[in-house]
>>> print(open('final-v1.cif').read())   # mmCIF, C-alpha atoms
data_work
loop_
_atom_site.group_PDB
_atom_site.id
_atom_site.type_symbol
_atom_site.label_atom_id
_atom_site.label_comp_id
_atom_site.auth_asym_id
_atom_site.auth_seq_id
_atom_site.Cartn_x
_atom_site.Cartn_y
_atom_site.Cartn_z
ATOM 1 C CA VAL B 1 -104.876 -21.755 -36.444
ATOM 2 C CA GLY B 2 -102.831 -24.904 -36.030
ATOM 3 C CA ASP B 3 -104.085 -26.930 -33.071
ATOM 4 C CA GLY B 4 -105.706 -23.939 -31.397
ATOM 5 C CA PRO B 5 -104.484 -22.151 -28.290
ATOM 6 C CA GLN B 6 -102.209 -24.215 -26.060
ATOM 7 C CA GLY B 7 -102.135 -21.751 -23.156
ATOM 8 C CA ASN B 8 -104.194 -18.918 -21.770
ATOM 9 C CA GLN B 9 -102.226 -15.866 -22.947
ATOM 10 C CA GLU B 10 -104.422 -13.258 -24.679
ATOM 11 C CA ILE B 11 -103.346 -10.282 -26.772
ATOM 12 C CA THR B 12 -105.980 -7.644 -27.559
ATOM 13 C CA GLU B 13 -105.889 -4.827 -30.125
ATOM 14 C CA TRP B 14 -108.490 -2.488 -31.564
ATOM 15 C CA ASN B 15 -109.336 -2.178 -35.259
ATOM 16 C CA HIS B 16 -110.384 1.260 -36.478
ATOM 17 C CA TYR B 17 -113.011 1.756 -39.177
ATOM 18 C CA LEU B 18 -115.000 4.676 -40.566
ATOM 19 C CA LEU B 19 -118.512 4.817 -42.034
ATOM 20 C CA TYR B 20 -120.118 1.809 -40.295
ATOM 21 C CA GLY B 21 -117.041 -0.331 -40.873
ATOM 22 C CA LEU B 22 -116.769 0.244 -44.618
ATOM 23 C CA ALA B 23 -113.452 2.118 -44.621
ATOM 24 C CA PRO B 24 -110.615 0.570 -42.595
ATOM 25 C CA ILE B 25 -108.083 3.069 -41.238
ATOM 26 C CA GLY B 26 -106.132 0.797 -38.885
ATOM 27 C CA VAL B 27 -106.532 -2.973 -38.737
ATOM 28 C CA SER B 28 -104.529 -5.271 -36.470
ATOM 29 C CA ASP B 29 -102.429 -8.133 -37.866
ATOM 30 C CA ALA B 30 -103.380 -11.358 -36.064
ATOM 31 C CA LYS B 31 -100.269 -13.205 -37.239
ATOM 32 C CA ALA B 32 -98.026 -10.482 -35.812
ATOM 33 C CA MET B 33 -100.061 -10.454 -32.600
ATOM 34 C CA ALA B 34 -99.425 -14.199 -32.224
ATOM 35 C CA GLY B 35 -95.704 -13.466 -32.128
ATOM 36 C CA GLY B 36 -94.635 -16.436 -34.230
ATOM 37 C CA ALA B 37 -96.766 -18.982 -32.364
ATOM 38 C CA GLU B 38 -97.895 -21.930 -34.483
ATOM 39 C CA ASP B 39 -101.072 -22.669 -32.473
ATOM 40 C CA TYR B 40 -103.508 -19.851 -31.637
ATOM 41 C CA SER B 41 -107.084 -18.645 -32.097
ATOM 42 C CA VAL B 42 -108.357 -15.336 -33.449
ATOM 43 C CA THR B 43 -111.625 -13.658 -32.434
ATOM 44 C CA VAL B 44 -112.938 -10.357 -33.780
ATOM 45 C CA LYS B 45 -115.745 -8.872 -31.702
ATOM 46 C CA HIS B 46 -117.656 -5.714 -30.864
ATOM 47 C CA SER B 47 -117.197 -4.898 -27.187
ATOM 48 C CA PHE B 48 -119.560 -2.679 -25.220
ATOM 49 C CA VAL B 49 -117.111 0.230 -25.503
ATOM 50 C CA ASN B 50 -116.785 -0.348 -29.274
ATOM 51 C CA GLY B 51 -120.572 -0.192 -29.643
ATOM 52 C CA LEU B 52 -120.819 2.848 -27.392
ATOM 53 C CA LEU B 53 -118.275 4.778 -29.456
ATOM 54 C CA SER B 54 -119.992 3.746 -32.672
ATOM 55 C CA GLY B 55 -123.348 4.897 -31.295
ATOM 56 C CA ILE B 56 -122.018 8.224 -29.997
ATOM 57 C CA THR B 57 -120.500 9.010 -33.407
ATOM 58 C CA PHE B 58 -123.586 7.708 -35.281
ATOM 59 C CA GLY B 59 -121.444 5.100 -37.065
ATOM 60 C CA LEU B 60 -118.837 7.499 -38.402
ATOM 61 C CA TYR B 61 -116.233 5.726 -36.230
ATOM 62 C CA ALA B 62 -116.883 1.998 -35.804
ATOM 63 C CA PRO B 63 -114.120 0.135 -33.921
ATOM 64 C CA THR B 64 -113.876 -3.604 -33.302
ATOM 65 C CA THR B 65 -111.583 -5.643 -31.057
ATOM 66 C CA THR B 66 -109.283 -8.492 -32.142
ATOM 67 C CA VAL B 67 -108.328 -11.059 -29.501
ATOM 68 C CA VAL B 68 -105.533 -13.580 -30.169
ATOM 69 C CA LYS B 69 -105.289 -16.405 -27.654
ATOM 70 C CA LYS B 70 -102.192 -18.570 -27.700
#
>>> encode(input="final-v1.cif", output="C-alpha cells")
Amino acid sequence: VGDGPQGNQEITEWNHYLLYGLAPIGVSDAKAMAGGAEDYSVTVKHSFVNGLLSGITFGLYAPTTTVVKK
C-alpha cells in the first residue's frame, strides 16, 4: 500500500476461521494494524503452527496469520 514499507516494524495478528477457512469468526484489520501509516505491506500466510492446529482439528479450526510491515 502506498510506496511499500519504509522501515522494518512488523505487526502480526491471527485470523480465525472455521470449516477449512469457509466461515470467518475473527479477521484482523490490516488498515488498523498499520496504525495510520500511509506506506506498508500486508501478507497473509499459513505458519507451521497454523497448519498444525488445522491438522489436529481436521480443518474445523483453520487459522491464518496477517503480517503488516511498515
>>> residues_around(input="final-v1.cif", residues="B:Thr64", least_positions_apart="2", cutoff="9 Å", atoms="only C-alpha atoms", output="list of chain:residue names")
B:Glu13, B:Trp14, B:Asn15, B:His16, B:Tyr17, B:Gly21, B:Val44, B:Lys45, B:His46, B:Ser47, B:Asn50, B:Gly51, B:Ala62, B:Thr66
>>> residues_near_point(input="final-v1.cif", point="(-114.5, 8.1, -40.3)", cutoff="8 Å", atoms="all atoms listed in the file", output="PyMOL selection string")
chain B and resi 17-19+23+60-62
>>> resolve_selection(input="final-v1.cif", expression="the PyMOL selection byres ((chain B and resi 70) around 9)", output="ChimeraX atom specification")
/B:4-11,34,37-41,68-69
>>> atom_distance(input="final-v1.cif", atom1="atom CA of B:Gly26", atom2="atom CA of B:Ser54")
15.5 Å
>>> atom_distance(input="final-v1.cif", atom1="atom CA of B:Leu52", atom2="atom CA of B:Leu22")
17.9 Å
>>> build_atoms(input="final-v1.cif", residues="stretch 5-40 of chain B", atoms="N, CA and C atoms", output="compact mmCIF listing (two decimals), in the coordinates of the input")
# COMPACT_ATOMS: atom_id res chain seq x y z
N PRO B 5 -105.32 -22.67 -29.37
CA PRO B 5 -104.48 -22.15 -28.29
C PRO B 5 -104.03 -23.25 -27.34
N GLN B 6 -102.77 -23.22 -26.96
CA GLN B 6 -102.21 -24.22 -26.06
C GLN B 6 -102.06 -23.67 -24.64
N GLY B 7 -102.24 -22.38 -24.47
CA GLY B 7 -102.14 -21.75 -23.16
C GLY B 7 -103.30 -20.80 -22.94
N ASN B 8 -103.12 -19.86 -22.04
CA ASN B 8 -104.19 -18.92 -21.77
C ASN B 8 -103.75 -17.46 -21.92
N GLN B 9 -102.70 -17.23 -22.70
CA GLN B 9 -102.23 -15.87 -22.95
C GLN B 9 -103.09 -15.21 -24.02
N GLU B 10 -103.60 -13.99 -23.73
CA GLU B 10 -104.42 -13.26 -24.68
C GLU B 10 -103.79 -11.92 -25.01
N ILE B 11 -103.81 -11.58 -26.29
CA ILE B 11 -103.35 -10.28 -26.77
C ILE B 11 -104.54 -9.61 -27.44
N THR B 12 -104.81 -8.36 -27.06
CA THR B 12 -105.98 -7.64 -27.56
C THR B 12 -105.55 -6.35 -28.23
N GLU B 13 -106.13 -6.08 -29.41
CA GLU B 13 -105.89 -4.83 -30.12
C GLU B 13 -107.20 -4.36 -30.75
N TRP B 14 -107.32 -3.07 -30.91
CA TRP B 14 -108.49 -2.49 -31.56
C TRP B 14 -108.24 -2.33 -33.05
N ASN B 15 -109.33 -2.46 -33.82
CA ASN B 15 -109.34 -2.18 -35.26
C ASN B 15 -110.16 -0.92 -35.45
N HIS B 16 -109.72 -0.03 -36.30
CA HIS B 16 -110.38 1.26 -36.48
C HIS B 16 -110.98 1.36 -37.88
N TYR B 17 -112.28 1.64 -37.92
CA TYR B 17 -113.01 1.76 -39.18
C TYR B 17 -113.83 3.05 -39.19
N LEU B 18 -114.12 3.53 -40.38
CA LEU B 18 -115.00 4.68 -40.57
C LEU B 18 -116.23 4.25 -41.35
N LEU B 19 -117.28 5.02 -41.26
CA LEU B 19 -118.51 4.82 -42.03
C LEU B 19 -119.09 3.41 -41.86
N TYR B 20 -119.48 3.09 -40.63
CA TYR B 20 -120.12 1.81 -40.30
C TYR B 20 -119.25 0.59 -40.62
N GLY B 21 -117.95 0.77 -40.61
CA GLY B 21 -117.04 -0.33 -40.87
C GLY B 21 -116.66 -0.52 -42.32
N LEU B 22 -117.05 0.39 -43.19
CA LEU B 22 -116.77 0.24 -44.62
C LEU B 22 -115.36 0.67 -45.01
N ALA B 23 -114.77 1.59 -44.26
CA ALA B 23 -113.45 2.12 -44.62
C ALA B 23 -112.45 1.85 -43.49
N PRO B 24 -111.59 0.85 -43.64
CA PRO B 24 -110.62 0.57 -42.60
C PRO B 24 -109.52 1.64 -42.56
N ILE B 25 -109.17 2.10 -41.37
CA ILE B 25 -108.08 3.07 -41.24
C ILE B 25 -106.95 2.53 -40.37
N GLY B 26 -107.17 1.43 -39.69
CA GLY B 26 -106.13 0.80 -38.88
C GLY B 26 -106.60 -0.57 -38.42
N VAL B 27 -106.09 -1.62 -39.04
CA VAL B 27 -106.53 -2.97 -38.74
C VAL B 27 -105.36 -3.77 -38.18
N SER B 28 -105.60 -4.50 -37.10
CA SER B 28 -104.53 -5.27 -36.47
C SER B 28 -104.17 -6.50 -37.31
N ASP B 29 -102.94 -6.96 -37.16
CA ASP B 29 -102.43 -8.13 -37.87
C ASP B 29 -102.36 -9.30 -36.87
N ALA B 30 -103.28 -10.25 -37.01
CA ALA B 30 -103.38 -11.36 -36.06
C ALA B 30 -102.11 -12.21 -36.04
N LYS B 31 -101.49 -12.40 -37.18
CA LYS B 31 -100.27 -13.20 -37.24
C LYS B 31 -99.14 -12.53 -36.45
N ALA B 32 -99.04 -11.22 -36.58
CA ALA B 32 -98.03 -10.48 -35.81
C ALA B 32 -98.36 -10.48 -34.33
N MET B 33 -99.65 -10.41 -34.00
CA MET B 33 -100.06 -10.45 -32.60
C MET B 33 -99.72 -11.79 -31.96
N ALA B 34 -99.74 -12.87 -32.75
CA ALA B 34 -99.42 -14.20 -32.22
C ALA B 34 -97.94 -14.34 -31.92
N GLY B 35 -97.12 -13.47 -32.45
CA GLY B 35 -95.70 -13.47 -32.13
C GLY B 35 -94.96 -14.71 -32.57
N GLY B 36 -95.33 -15.26 -33.71
CA GLY B 36 -94.64 -16.44 -34.23
C GLY B 36 -95.16 -17.76 -33.70
N ALA B 37 -96.19 -17.74 -32.88
CA ALA B 37 -96.77 -18.98 -32.36
C ALA B 37 -97.42 -19.76 -33.51
N GLU B 38 -97.30 -21.07 -33.46
CA GLU B 38 -97.90 -21.93 -34.48
C GLU B 38 -99.36 -22.24 -34.17
N ASP B 39 -99.73 -22.27 -32.90
CA ASP B 39 -101.07 -22.67 -32.47
C ASP B 39 -101.72 -21.51 -31.72
N TYR B 40 -102.81 -20.96 -32.27
CA TYR B 40 -103.51 -19.85 -31.64
C TYR B 40 -104.91 -19.73 -32.23
